[in-house]
$ cat model_1.pdb   # PDB, C-alpha atoms
ATOM      1  CA  MET A 298     284.409  61.911 242.322  1.00  0.00           C
ATOM      2  CA  ALA A 299     282.551  61.687 238.982  1.00  0.00           C
ATOM      3  CA  ASN A 300     285.590  60.134 237.335  1.00  0.00           C
ATOM      4  CA  SER A 301     285.796  57.341 239.924  1.00  0.00           C
ATOM      5  CA  THR A 302     282.068  56.564 239.504  1.00  0.00           C
ATOM      6  CA  THR A 303     282.461  56.517 235.726  1.00  0.00           C
ATOM      7  CA  GLU A 304     285.515  54.327 236.091  1.00  0.00           C
ATOM      8  CA  LYS A 305     283.655  51.866 238.329  1.00  0.00           C
ATOM      9  CA  THR A 306     280.755  51.751 235.873  1.00  0.00           C
ATOM     10  CA  ARG A 307     283.150  51.044 233.023  1.00  0.00           C
ATOM     11  CA  LEU A 308     284.830  48.252 234.927  1.00  0.00           C
ATOM     12  CA  THR A 309     281.576  46.596 236.023  1.00  0.00           C
ATOM     13  CA  GLN A 310     280.090  46.759 232.530  1.00  0.00           C
ATOM     14  CA  ALA A 311     282.583  44.283 231.043  1.00  0.00           C
ATOM     15  CA  GLN A 312     282.049  43.049 227.510  1.00  0.00           C
ATOM     16  CA  PRO A 313     280.105  39.807 227.044  1.00  0.00           C
ATOM     17  CA  VAL A 314     282.034  36.548 226.789  1.00  0.00           C
ATOM     18  CA  SER A 315     283.681  36.264 223.389  1.00  0.00           C
ATOM     19  CA  VAL A 316     285.811  33.773 221.530  1.00  0.00           C
ATOM     20  CA  MET A 317     288.906  35.629 222.716  1.00  0.00           C
ATOM     21  CA  ALA A 318     287.804  35.110 226.331  1.00  0.00           C
ATOM     22  CA  VAL A 319     288.263  31.377 225.767  1.00  0.00           C
ATOM     23  CA  VAL A 320     291.146  31.372 223.309  1.00  0.00           C
ATOM     24  CA  ALA A 321     293.416  33.848 225.133  1.00  0.00           C
ATOM     25  CA  PRO A 322     293.532  31.926 228.433  1.00  0.00           C
ATOM     26  CA  ALA A 323     293.970  28.611 226.620  1.00  0.00           C
ATOM     27  CA  VAL A 324     296.814  29.884 224.466  1.00  0.00           C
ATOM     28  CA  GLY A 325     298.275  31.729 227.441  1.00  0.00           C
ATOM     29  CA  TRP A 326     298.396  28.515 229.458  1.00  0.00           C
ATOM     30  CA  LEU A 327     300.042  26.581 226.641  1.00  0.00           C
ATOM     31  CA  ILE A 328     302.637  29.257 225.852  1.00  0.00           C
ATOM     32  CA  PRO A 329     303.235  31.727 228.704  1.00  0.00           C
ATOM     33  CA  GLY A 330     302.589  35.280 227.535  1.00  0.00           C
ATOM     34  CA  ALA A 331     300.902  34.234 224.293  1.00  0.00           C
ATOM     35  CA  GLY A 332     297.462  35.122 225.679  1.00  0.00           C
ATOM     36  CA  HIS A 333     298.639  38.723 225.901  1.00  0.00           C
ATOM     37  CA  MET A 334     300.424  38.699 222.558  1.00  0.00           C
ATOM     38  CA  ILE A 335     297.365  37.557 220.588  1.00  0.00           C
ATOM     39  CA  GLN A 336     295.554  40.543 222.106  1.00  0.00           C
ATOM     40  CA  LYS A 337     298.301  42.843 220.834  1.00  0.00           C
ATOM     41  CA  ARG A 338     299.903  43.428 224.242  1.00  0.00           C
ATOM     42  CA  TRP A 339     303.264  42.521 222.775  1.00  0.00           C
ATOM     43  CA  ILE A 340     305.652  43.858 225.394  1.00  0.00           C
ATOM     44  CA  ARG A 341     303.667  42.476 228.315  1.00  0.00           C
ATOM     45  CA  GLY A 342     303.398  39.111 226.623  1.00  0.00           C
ATOM     46  CA  LEU A 343     307.085  39.016 225.804  1.00  0.00           C
ATOM     47  CA  LEU A 344     308.086  39.932 229.354  1.00  0.00           C
ATOM     48  CA  LEU A 345     305.764  37.274 230.758  1.00  0.00           C
ATOM     49  CA  LEU A 346     307.187  34.685 228.383  1.00  0.00           C
ATOM     50  CA  ILE A 347     310.780  35.563 229.254  1.00  0.00           C
ATOM     51  CA  SER A 348     310.114  35.602 233.012  1.00  0.00           C
ATOM     52  CA  ILE A 349     308.122  32.383 233.250  1.00  0.00           C
ATOM     53  CA  ALA A 350     310.256  30.505 230.742  1.00  0.00           C
ATOM     54  CA  SER A 351     313.459  31.583 232.474  1.00  0.00           C
ATOM     55  CA  LEU A 352     312.201  30.475 235.878  1.00  0.00           C
ATOM     56  CA  PHE A 353     311.125  27.094 234.524  1.00  0.00           C
ATOM     57  CA  MET A 354     314.278  26.418 232.537  1.00  0.00           C
ATOM     58  CA  LEU A 355     316.504  27.573 235.388  1.00  0.00           C
ATOM     59  CA  GLY A 356     314.609  25.150 237.584  1.00  0.00           C
ATOM     60  CA  LEU A 357     315.377  22.332 235.163  1.00  0.00           C
ATOM     61  CA  ALA A 358     319.009  23.380 234.889  1.00  0.00           C
ATOM     62  CA  MET A 359     319.296  23.357 238.678  1.00  0.00           C
ATOM     63  CA  GLN A 360     318.287  19.684 238.565  1.00  0.00           C
ATOM     64  CA  GLY A 361     314.863  20.321 240.029  1.00  0.00           C
ATOM     65  CA  ARG A 362     312.198  17.653 240.155  1.00  0.00           C
ATOM     66  CA  ILE A 363     308.996  17.709 238.111  1.00  0.00           C
ATOM     67  CA  TYR A 364     305.854  16.301 239.692  1.00  0.00           C
ATOM     68  CA  LYS A 365     303.661  13.813 237.887  1.00  0.00           C
ATOM     69  CA  ALA A 366     299.894  13.362 237.978  1.00  0.00           C
ATOM     70  CA  ASN A 367     299.997  10.077 239.812  1.00  0.00           C
ATOM     71  CA  GLY A 368     298.499  11.161 243.116  1.00  0.00           C
ATOM     72  CA  GLY A 369     300.661  10.322 246.051  1.00  0.00           C
ATOM     73  CA  ASP A 370     300.618  12.540 249.097  1.00  0.00           C
ATOM     74  CA  ILE A 371     299.130  16.020 249.239  1.00  0.00           C
ATOM     75  CA  LEU A 372     302.453  17.770 248.676  1.00  0.00           C
ATOM     76  CA  ASP A 373     303.016  15.809 245.463  1.00  0.00           C
ATOM     77  CA  ILE A 374     299.536  16.782 244.277  1.00  0.00           C
ATOM     78  CA  LEU A 375     300.182  20.447 245.066  1.00  0.00           C
ATOM     79  CA  GLY A 376     303.524  20.254 243.274  1.00  0.00           C
ATOM     80  CA  PHE A 377     301.818  18.779 240.235  1.00  0.00           C
ATOM     81  CA  ILE A 378     299.208  21.547 240.230  1.00  0.00           C
ATOM     82  CA  GLY A 379     301.978  24.121 240.276  1.00  0.00           C
ATOM     83  CA  ASP A 380     304.031  22.428 237.586  1.00  0.00           C
ATOM     84  CA  VAL A 381     301.108  21.911 235.208  1.00  0.00           C
ATOM     85  CA  GLY A 382     300.522  25.661 235.201  1.00  0.00           C
ATOM     86  CA  ALA A 383     303.562  26.033 232.995  1.00  0.00           C
ATOM     87  CA  GLY A 384     301.599  24.499 230.148  1.00  0.00           C
ATOM     88  CA  GLY A 385     303.730  23.665 227.148  1.00  0.00           C
ATOM     89  CA  PHE A 386     306.916  23.665 229.187  1.00  0.00           C
ATOM     90  CA  TYR A 387     305.464  20.978 231.457  1.00  0.00           C
ATOM     91  CA  ILE A 388     304.283  18.926 228.475  1.00  0.00           C
ATOM     92  CA  VAL A 389     307.701  19.036 226.807  1.00  0.00           C
ATOM     93  CA  THR A 390     309.469  18.228 230.070  1.00  0.00           C
ATOM     94  CA  MET A 391     307.291  15.179 230.617  1.00  0.00           C
ATOM     95  CA  ALA A 392     307.688  14.069 226.998  1.00  0.00           C
ATOM     96  CA  LYS A 393     311.491  14.311 227.206  1.00  0.00           C
ATOM     97  CA  ASP A 394     311.539  12.689 230.648  1.00  0.00           C
ATOM     98  CA  TRP A 395     313.461  15.602 232.134  1.00  0.00           C
ATOM     99  CA  GLY A 396     313.128  16.867 235.681  1.00  0.00           C
ATOM    100  CA  GLN A 397     314.084  13.694 237.503  1.00  0.00           C
ATOM    101  CA  GLY A 398     315.602  15.658 240.357  1.00  0.00           C
ATOM    102  CA  ALA A 399     318.988  15.180 241.980  1.00  0.00           C
ATOM    103  CA  ILE A 400     319.222  14.736 245.721  1.00  0.00           C
ATOM    104  CA  ALA A 401     322.988  15.167 245.531  1.00  0.00           C
ATOM    105  CA  PHE A 402     322.707  18.842 244.598  1.00  0.00           C
ATOM    106  CA  ALA A 403     321.719  21.250 247.374  1.00  0.00           C
ATOM    107  CA  THR A 404     320.211  23.703 244.897  1.00  0.00           C
ATOM    108  CA  ALA A 405     318.030  21.035 243.285  1.00  0.00           C
ATOM    109  CA  ASP A 406     315.342  21.881 245.833  1.00  0.00           C
ATOM    110  CA  TYR A 407     315.438  25.480 244.647  1.00  0.00           C
ATOM    111  CA  GLY A 408     315.051  24.204 241.115  1.00  0.00           C
ATOM    112  CA  THR A 409     311.939  22.260 242.080  1.00  0.00           C
ATOM    113  CA  LYS A 410     310.423  25.355 243.653  1.00  0.00           C
ATOM    114  CA  PHE A 411     311.394  27.501 240.634  1.00  0.00           C
ATOM    115  CA  MET A 412     309.382  25.257 238.346  1.00  0.00           C
ATOM    116  CA  ILE A 413     306.354  25.191 240.644  1.00  0.00           C
ATOM    117  CA  VAL A 414     306.381  28.985 240.949  1.00  0.00           C
ATOM    118  CA  ALA A 415     306.753  29.368 237.181  1.00  0.00           C
ATOM    119  CA  GLY A 416     303.530  27.410 236.794  1.00  0.00           C
ATOM    120  CA  LEU A 417     301.737  29.397 239.451  1.00  0.00           C
ATOM    121  CA  LEU A 418     302.849  32.685 237.907  1.00  0.00           C
ATOM    122  CA  ASN A 419     301.501  31.470 234.584  1.00  0.00           C
ATOM    123  CA  PHE A 420     298.122  30.890 236.201  1.00  0.00           C
ATOM    124  CA  ILE A 421     298.175  34.548 237.236  1.00  0.00           C
ATOM    125  CA  ALA A 422     299.156  35.561 233.717  1.00  0.00           C
ATOM    126  CA  VAL A 423     296.320  33.477 232.261  1.00  0.00           C
ATOM    127  CA  ALA A 424     293.832  35.211 234.546  1.00  0.00           C
ATOM    128  CA  ASP A 425     295.239  38.575 233.428  1.00  0.00           C
ATOM    129  CA  ALA A 426     294.831  37.604 229.774  1.00  0.00           C
ATOM    130  CA  TYR A 427     291.234  36.659 230.483  1.00  0.00           C
ATOM    131  CA  HIS A 428     290.539  40.007 232.152  1.00  0.00           C
ATOM    132  CA  ILE A 429     291.938  41.813 229.129  1.00  0.00           C
ATOM    133  CA  ALA A 430     289.765  39.677 226.835  1.00  0.00           C
ATOM    134  CA  ILE A 431     286.555  40.521 228.695  1.00  0.00           C
ATOM    135  CA  GLY A 432     287.392  44.204 228.852  1.00  0.00           C
ATOM    136  CA  LYS A 433     287.927  44.347 232.594  1.00  0.00           C
ATOM    137  CA  LYS A 434     291.487  45.577 232.079  1.00  0.00           C
ATOM    138  CA  GLN A 435     293.280  47.489 229.364  1.00  0.00           C
TER
ATOM    139  CA  MET B 254     323.812  21.312 231.753  1.00  0.00           C
ATOM    140  CA  THR B 255     323.706  21.997 235.477  1.00  0.00           C
ATOM    141  CA  ILE B 256     323.496  25.483 236.939  1.00  0.00           C
ATOM    142  CA  THR B 257     324.450  26.041 240.547  1.00  0.00           C
ATOM    143  CA  LEU B 258     323.305  29.230 242.245  1.00  0.00           C
ATOM    144  CA  ASN B 259     324.105  30.251 245.774  1.00  0.00           C
ATOM    145  CA  HIS B 260     321.200  31.025 248.091  1.00  0.00           C
ATOM    146  CA  PHE B 261     321.153  34.797 247.579  1.00  0.00           C
ATOM    147  CA  SER B 262     321.529  34.512 243.807  1.00  0.00           C
ATOM    148  CA  ALA B 263     318.613  32.084 243.665  1.00  0.00           C
ATOM    149  CA  ALA B 264     316.513  34.467 245.777  1.00  0.00           C
ATOM    150  CA  ALA B 265     317.470  37.441 243.600  1.00  0.00           C
ATOM    151  CA  VAL B 266     316.626  35.657 240.365  1.00  0.00           C
ATOM    152  CA  PHE B 267     313.337  34.473 241.813  1.00  0.00           C
ATOM    153  CA  ALA B 268     312.505  37.979 243.026  1.00  0.00           C
ATOM    154  CA  LEU B 269     313.339  39.511 239.644  1.00  0.00           C
ATOM    155  CA  PHE B 270     311.077  37.300 237.557  1.00  0.00           C
ATOM    156  CA  ALA B 271     308.255  37.134 240.093  1.00  0.00           C
ATOM    157  CA  SER B 272     308.286  40.948 240.388  1.00  0.00           C
ATOM    158  CA  ILE B 273     308.051  41.362 236.636  1.00  0.00           C
ATOM    159  CA  VAL B 274     304.998  39.094 236.483  1.00  0.00           C
ATOM    160  CA  PHE B 275     303.384  40.729 239.520  1.00  0.00           C
ATOM    161  CA  GLY B 276     303.931  44.206 238.117  1.00  0.00           C
ATOM    162  CA  ILE B 277     302.365  43.327 234.773  1.00  0.00           C
ATOM    163  CA  THR B 278     299.366  41.453 236.126  1.00  0.00           C
ATOM    164  CA  HIS B 279     298.473  43.574 239.145  1.00  0.00           C
ATOM    165  CA  ARG B 280     298.489  47.081 237.665  1.00  0.00           C
ATOM    166  CA  ASP B 281     296.925  48.839 234.671  1.00  0.00           C
ATOM    167  CA  THR B 282     299.236  51.566 233.400  1.00  0.00           C
ATOM    168  CA  THR B 283     302.858  51.115 232.395  1.00  0.00           C
ATOM    169  CA  ARG B 284     304.073  53.547 235.041  1.00  0.00           C
ATOM    170  CA  ASP B 285     302.146  51.722 237.783  1.00  0.00           C
ATOM    171  CA  MET B 286     303.368  48.361 236.524  1.00  0.00           C
ATOM    172  CA  VAL B 287     306.997  49.465 236.772  1.00  0.00           C
ATOM    173  CA  ARG B 288     306.535  51.036 240.194  1.00  0.00           C
ATOM    174  CA  TYR B 289     304.720  48.015 241.612  1.00  0.00           C
ATOM    175  CA  GLY B 290     307.271  45.647 240.118  1.00  0.00           C
ATOM    176  CA  LEU B 291     310.101  47.565 241.766  1.00  0.00           C
ATOM    177  CA  TYR B 292     308.174  47.603 245.037  1.00  0.00           C
ATOM    178  CA  CYS B 293     307.664  43.832 244.888  1.00  0.00           C
ATOM    179  CA  PHE B 294     311.357  43.294 244.118  1.00  0.00           C
ATOM    180  CA  ALA B 295     312.355  45.411 247.108  1.00  0.00           C
ATOM    181  CA  MET B 296     309.959  43.512 249.341  1.00  0.00           C
ATOM    182  CA  PHE B 297     311.210  40.122 248.137  1.00  0.00           C
ATOM    183  CA  LEU B 298     314.876  40.965 248.701  1.00  0.00           C
ATOM    184  CA  GLY B 299     314.173  42.858 251.885  1.00  0.00           C
ATOM    185  CA  GLY B 300     312.267  39.872 253.188  1.00  0.00           C
ATOM    186  CA  VAL B 301     315.161  37.589 252.375  1.00  0.00           C
ATOM    187  CA  LEU B 302     317.574  39.807 254.283  1.00  0.00           C
ATOM    188  CA  VAL B 303     315.238  40.205 257.263  1.00  0.00           C
ATOM    189  CA  ALA B 304     314.565  36.471 257.389  1.00  0.00           C
ATOM    190  CA  GLY B 305     318.282  35.737 257.198  1.00  0.00           C
ATOM    191  CA  TRP B 306     319.124  38.027 260.081  1.00  0.00           C
ATOM    192  CA  ALA B 307     316.151  36.733 262.084  1.00  0.00           C
ATOM    193  CA  MET B 308     317.484  33.192 261.706  1.00  0.00           C
ATOM    194  CA  TRP B 309     320.918  34.394 262.798  1.00  0.00           C
ATOM    195  CA  VAL B 310     319.391  35.939 265.929  1.00  0.00           C
ATOM    196  CA  LEU B 311     317.422  32.771 266.677  1.00  0.00           C
ATOM    197  CA  ARG B 312     320.512  30.643 266.304  1.00  0.00           C
ATOM    198  CA  ARG B 313     322.519  32.678 268.777  1.00  0.00           C
TER
END
$ encode --input "model_1.pdb" --output "structure tokens"
Amino acid sequence: MANSTTEKTRLTQAQPVSVMAVVAPAVGWLIPGAGHMIQKRWIRGLLLLISIASLFMLGLAMQGRIYKANGGDILDILGFIGDVGAGGFYIVTMAKDWGQGAIAFATADYGTKFMIVAGLLNFIAVADAYHIAIGKKQ
Amino acid sequence: MTITLNHFSAAAVFALFASIVFGITHRDTTRDMVRYGLYCFAMFLGGVLVAGWAMWVLRR
């Protein structure tokens, strides 16, 4: 009982906002897993990088389509929001003009979804890096 | 380079990487991370199998 109260007190008394609380999420968005690595959570960061990068690159290799920030219908906007979560991977893909999609391949739709989910998972990872930075999580 | 995965392979790969991320971000200790990641993986694949059989039943 006392341990759970102490634990709750520790969690609610998070450290004040620091430079790392801004830098870690920013770096973590740009390079998946880097937000954890700069806080010396090397294995977690490496696993996040491998997982998110693999999903995104598999999506590209499966001829998936990348969404652009040009509006369009609501599904295109949602796809863009997902894709942009991948950070640097999205930037490089747009710069190289990859991710044009291929209707001819049945698995291209899976590829599109892989890339969107990679971005969304990176958003989760960024939030986790932030929580570590503010002391809410070890 | 084009990679072609069949439906189950795509689901398995998706489940693997999503489970790793979920395990790391949703738990605190290493042991809990591994356990939750394995749980998520089982749920992902189990859901795929259940959904597949449900569609087979609906089609009949």
$ closest_residue --input "model_1.pdb" --among "B:Met254, B:Ala295, B:Ala307, B:Val287" --to "B:Val274" --atoms "all atoms listed in the file"
B:Val287
$ axis_aligned_box --input "model_1.pdb" --around "stretch 260-264 of chain B" --padding-each-side "3 Å" --output "lines of an AutoDock Vina configuration file"
center_x = 319.0
center_y = 32.9
center_z = 245.9
size_x = 11.0
size_y = 9.8
size_z = 10.4
$ resolve_selection --input "model_1.pdb" --expression "the PyMOL selection byres ((chain A and resi 378) around 9)" --output "number ranges by chain"
A: 364, 366, 373-377, 379-382, 413, 416-417
$ write_last_selection --input "model_1.pdb" --atoms "C-alpha atoms" --output "mmCIF file, in the coordinates of the input"
data_model
loop_
_atom_site.group_PDB
_atom_site.id
_atom_site.type_symbol
_atom_site.label_atom_id
_atom_site.label_comp_id
_atom_site.auth_asym_id
_atom_site.auth_seq_id
_atom_site.Cartn_x
_atom_site.Cartn_y
_atom_site.Cartn_z
ATOM 1 C CA TYR A 364 305.854 16.301 239.692
ATOM 2 C CA ALA A 366 299.894 13.362 237.978
ATOM 3 C CA ASP A 373 303.016 15.809 245.463
ATOM 4 C CA ILE A 374 299.536 16.782 244.277
ATOM 5 C CA LEU A 375 300.182 20.447 245.066
ATOM 6 C CA GLY A 376 303.524 20.254 243.274
ATOM 7 C CA PHE A 377 301.818 18.779 240.235
ATOM 8 C CA GLY A 379 301.978 24.121 240.276
ATOM 9 C CA ASP A 380 304.031 22.428 237.586
ATOM 10 C CA VAL A 381 301.108 21.911 235.208
ATOM 11 C CA GLY A 382 300.522 25.661 235.201
ATOM 12 C CA ILE A 413 306.354 25.191 240.644
ATOM 13 C CA GLY A 416 303.530 27.410 236.794
ATOM 14 C CA LEU A 417 301.737 29.397 239.451
#
$ resolve_selection --input "model_1.pdb" --expression "the PyMOL selection byres ((chain A and resi 351-361) around 10)" --output "ChimeraX atom specification"
/A:345-350,362-364,380,383,386-387,390,395-416,418 /B:254-258,263,266-267,269-271
$ write_last_selection --input "model_1.pdb" --atoms "C-alpha atoms" --output "PDB file, in the frame of the given file"
ATOM      1  CA  LEU A 345     305.764  37.274 230.758  1.00  0.00           C
ATOM      2  CA  LEU A 346     307.187  34.685 228.383  1.00  0.00           C
ATOM      3  CA  ILE A 347     310.780  35.563 229.254  1.00  0.00           C
ATOM      4  CA  SER A 348     310.114  35.602 233.012  1.00  0.00           C
ATOM      5  CA  ILE A 349     308.122  32.383 233.250  1.00  0.00           C
ATOM      6  CA  ALA A 350     310.256  30.505 230.742  1.00  0.00           C
ATOM      7  CA  ARG A 362     312.198  17.653 240.155  1.00  0.00           C
ATOM      8  CA  ILE A 363     308.996  17.709 238.111  1.00  0.00           C
ATOM      9  CA  TYR A 364     305.854  16.301 239.692  1.00  0.00           C
ATOM     10  CA  ASP A 380     304.031  22.428 237.586  1.00  0.00           C
ATOM     11  CA  ALA A 383     303.562  26.033 232.995  1.00  0.00           C
ATOM     12  CA  PHE A 386     306.916  23.665 229.187  1.00  0.00           C
ATOM     13  CA  TYR A 387     305.464  20.978 231.457  1.00  0.00           C
ATOM     14  CA  THR A 390     309.469  18.228 230.070  1.00  0.00           C
ATOM     15  CA  TRP A 395     313.461  15.602 232.134  1.00  0.00           C
ATOM     16  CA  GLY A 396     313.128  16.867 235.681  1.00  0.00           C
ATOM     17  CA  GLN A 397     314.084  13.694 237.503  1.00  0.00           C
ATOM     18  CA  GLY A 398     315.602  15.658 240.357  1.00  0.00           C
ATOM     19  CA  ALA A 399     318.988  15.180 241.980  1.00  0.00           C
ATOM     20  CA  ILE A 400     319.222  14.736 245.721  1.00  0.00           C
ATOM     21  CA  ALA A 401     322.988  15.167 245.531  1.00  0.00           C
ATOM     22  CA  PHE A 402     322.707  18.842 244.598  1.00  0.00           C
ATOM     23  CA  ALA A 403     321.719  21.250 247.374  1.00  0.00           C
ATOM     24  CA  THR A 404     320.211  23.703 244.897  1.00  0.00           C
ATOM     25  CA  ALA A 405     318.030  21.035 243.285  1.00  0.00           C
ATOM     26  CA  ASP A 406     315.342  21.881 245.833  1.00  0.00           C
ATOM     27  CA  TYR A 407     315.438  25.480 244.647  1.00  0.00           C
ATOM     28  CA  GLY A 408     315.051  24.204 241.115  1.00  0.00           C
ATOM     29  CA  THR A 409     311.939  22.260 242.080  1.00  0.00           C
ATOM     30  CA  LYS A 410     310.423  25.355 243.653  1.00  0.00           C
ATOM     31  CA  PHE A 411     311.394  27.501 240.634  1.00  0.00           C
ATOM     32  CA  MET A 412     309.382  25.257 238.346  1.00  0.00           C
ATOM     33  CA  ILE A 413     306.354  25.191 240.644  1.00  0.00           C
ATOM     34  CA  VAL A 414     306.381  28.985 240.949  1.00  0.00           C
ATOM     35  CA  ALA A 415     306.753  29.368 237.181  1.00  0.00           C
ATOM     36  CA  GLY A 416     303.530  27.410 236.794  1.00  0.00           C
ATOM     37  CA  LEU A 418     302.849  32.685 237.907  1.00  0.00           C
TER      38      LEU A 418
ATOM     39  CA  MET B 254     323.812  21.312 231.753  1.00  0.00           C
ATOM     40  CA  THR B 255     323.706  21.997 235.477  1.00  0.00           C
ATOM     41  CA  ILE B 256     323.496  25.483 236.939  1.00  0.00           C
ATOM     42  CA  THR B 257     324.450  26.041 240.547  1.00  0.00           C
ATOM     43  CA  LEU B 258     323.305  29.230 242.245  1.00  0.00           C
ATOM     44  CA  ALA B 263     318.613  32.084 243.665  1.00  0.00           C
ATOM     45  CA  VAL B 266     316.626  35.657 240.365  1.00  0.00           C
ATOM     46  CA  PHE B 267     313.337  34.473 241.813  1.00  0.00           C
ATOM     47  CA  LEU B 269     313.339  39.511 239.644  1.00  0.00           C
ATOM     48  CA  PHE B 270     311.077  37.300 237.557  1.00  0.00           C
ATOM     49  CA  ALA B 271     308.255  37.134 240.093  1.00  0.00           C
TER      50      ALA B 271
END
$ closest_residue --input "model_1.pdb" --among "A:Ala331, A:Asp394, A:Gln336, A:Trp326" --to "A:Ala430" --atoms "only C-alpha atoms"
A:Gln336
$ closest_residue --input "model_1.pdb" --among "A:Gly385, A:Leu344, A:Lys393, A:Val319" --to "chain B" --atoms "all atoms listed in the file"
A:Leu344
$ residues_around --input "model_1.pdb" --residues "B:Phe294" --least-positions-apart "4" --cutoff "9 Å" --atoms "only C-alpha atoms" --output "PyMOL selection string"
chain B and resi 265+268-273+289-290+298-299
$ atom_distance --input "model_1.pdb" --atom1 "atom CA of A:Pro322" --atom2 "atom CA of A:Met391"
21.8 Å
$ atom_distance --input "model_1.pdb" --atom1 "atom CA of A:Ile388" --atom2 "atom CA of B:His279"
27.5 Å
$ atom_distance --input "model_1.pdb" --atom1 "atom CA of A:Tyr427" --atom2 "atom CA of A:Gly342"
13.0 Å
$ closest_residue --input "model_1.pdb" --among "B:Met296, B:Leu291, B:Val303, B:Ala264" --to "chain A" --atoms "all atoms listed in the file"
B:Ala264
$ decode --input "model_1.pdb" --residues "stretch 329-373 of chain A" --atoms "C-alpha atoms" --output "mmCIF file, in the first residue's frame"
data_model
loop_
_atom_site.group_PDB
_atom_site.id
_atom_site.type_symbol
_atom_site.label_atom_id
_atom_site.label_comp_id
_atom_site.auth_asym_id
_atom_site.auth_seq_id
_atom_site.Cartn_x
_atom_site.Cartn_y
_atom_site.Cartn_z
ATOM 1 C CA PRO A 329 12.946 7.106 -35.112
ATOM 2 C CA GLY A 330 14.458 5.872 -31.857
ATOM 3 C CA ALA A 331 16.989 8.696 -31.604
ATOM 4 C CA GLY A 332 14.962 10.402 -28.861
ATOM 5 C CA HIS A 333 15.594 7.351 -26.695
ATOM 6 C CA MET A 334 19.226 6.967 -27.707
ATOM 7 C CA ILE A 335 20.190 10.527 -26.737
ATOM 8 C CA GLN A 336 18.759 9.736 -23.299
ATOM 9 C CA LYS A 337 21.001 6.674 -23.080
ATOM 10 C CA ARG A 338 18.219 4.134 -23.654
ATOM 11 C CA TRP A 339 20.302 2.522 -26.363
ATOM 12 C CA ILE A 340 18.583 -0.826 -26.791
ATOM 13 C CA ARG A 341 15.089 0.648 -26.771
ATOM 14 C CA GLY A 342 16.122 3.293 -29.259
ATOM 15 C CA LEU A 343 17.789 0.776 -31.530
ATOM 16 C CA LEU A 344 14.776 -1.540 -31.482
ATOM 17 C CA LEU A 345 12.454 1.369 -32.245
ATOM 18 C CA LEU A 346 14.674 2.471 -35.113
ATOM 19 C CA ILE A 347 14.851 -1.025 -36.590
ATOM 20 C CA SER A 348 11.097 -1.622 -36.246
ATOM 21 C CA ILE A 349 9.885 1.696 -37.629
ATOM 22 C CA ALA A 350 12.515 1.883 -40.352
ATOM 23 C CA SER A 351 11.803 -1.681 -41.455
ATOM 24 C CA LEU A 352 8.066 -1.059 -41.665
ATOM 25 C CA PHE A 353 8.577 2.114 -43.689
ATOM 26 C CA MET A 354 11.142 0.676 -46.076
ATOM 27 C CA LEU A 355 9.134 -2.510 -46.557
ATOM 28 C CA GLY A 356 6.194 -0.291 -47.407
ATOM 29 C CA LEU A 357 8.263 1.457 -50.064
ATOM 30 C CA ALA A 358 9.572 -1.840 -51.401
ATOM 31 C CA MET A 359 6.011 -3.135 -51.680
ATOM 32 C CA GLN A 360 5.303 -0.201 -54.007
ATOM 33 C CA GLY A 361 3.167 1.616 -51.475
ATOM 34 C CA ARG A 362 1.984 5.159 -52.011
ATOM 35 C CA ILE A 363 3.170 8.153 -49.995
ATOM 36 C CA TYR A 364 0.673 10.908 -49.270
ATOM 37 C CA LYS A 365 1.481 14.543 -49.901
ATOM 38 C CA ALA A 366 0.407 17.647 -48.000
ATOM 39 C CA ASN A 367 -1.833 18.949 -50.731
ATOM 40 C CA GLY A 368 -5.193 18.510 -49.042
ATOM 41 C CA GLY A 369 -7.606 16.505 -51.080
ATOM 42 C CA ASP A 370 -10.190 14.374 -49.352
ATOM 43 C CA ILE A 371 -10.149 13.446 -45.680
ATOM 44 C CA LEU A 372 -8.530 10.061 -46.264
ATOM 45 C CA ASP A 373 -5.620 11.695 -48.095
#
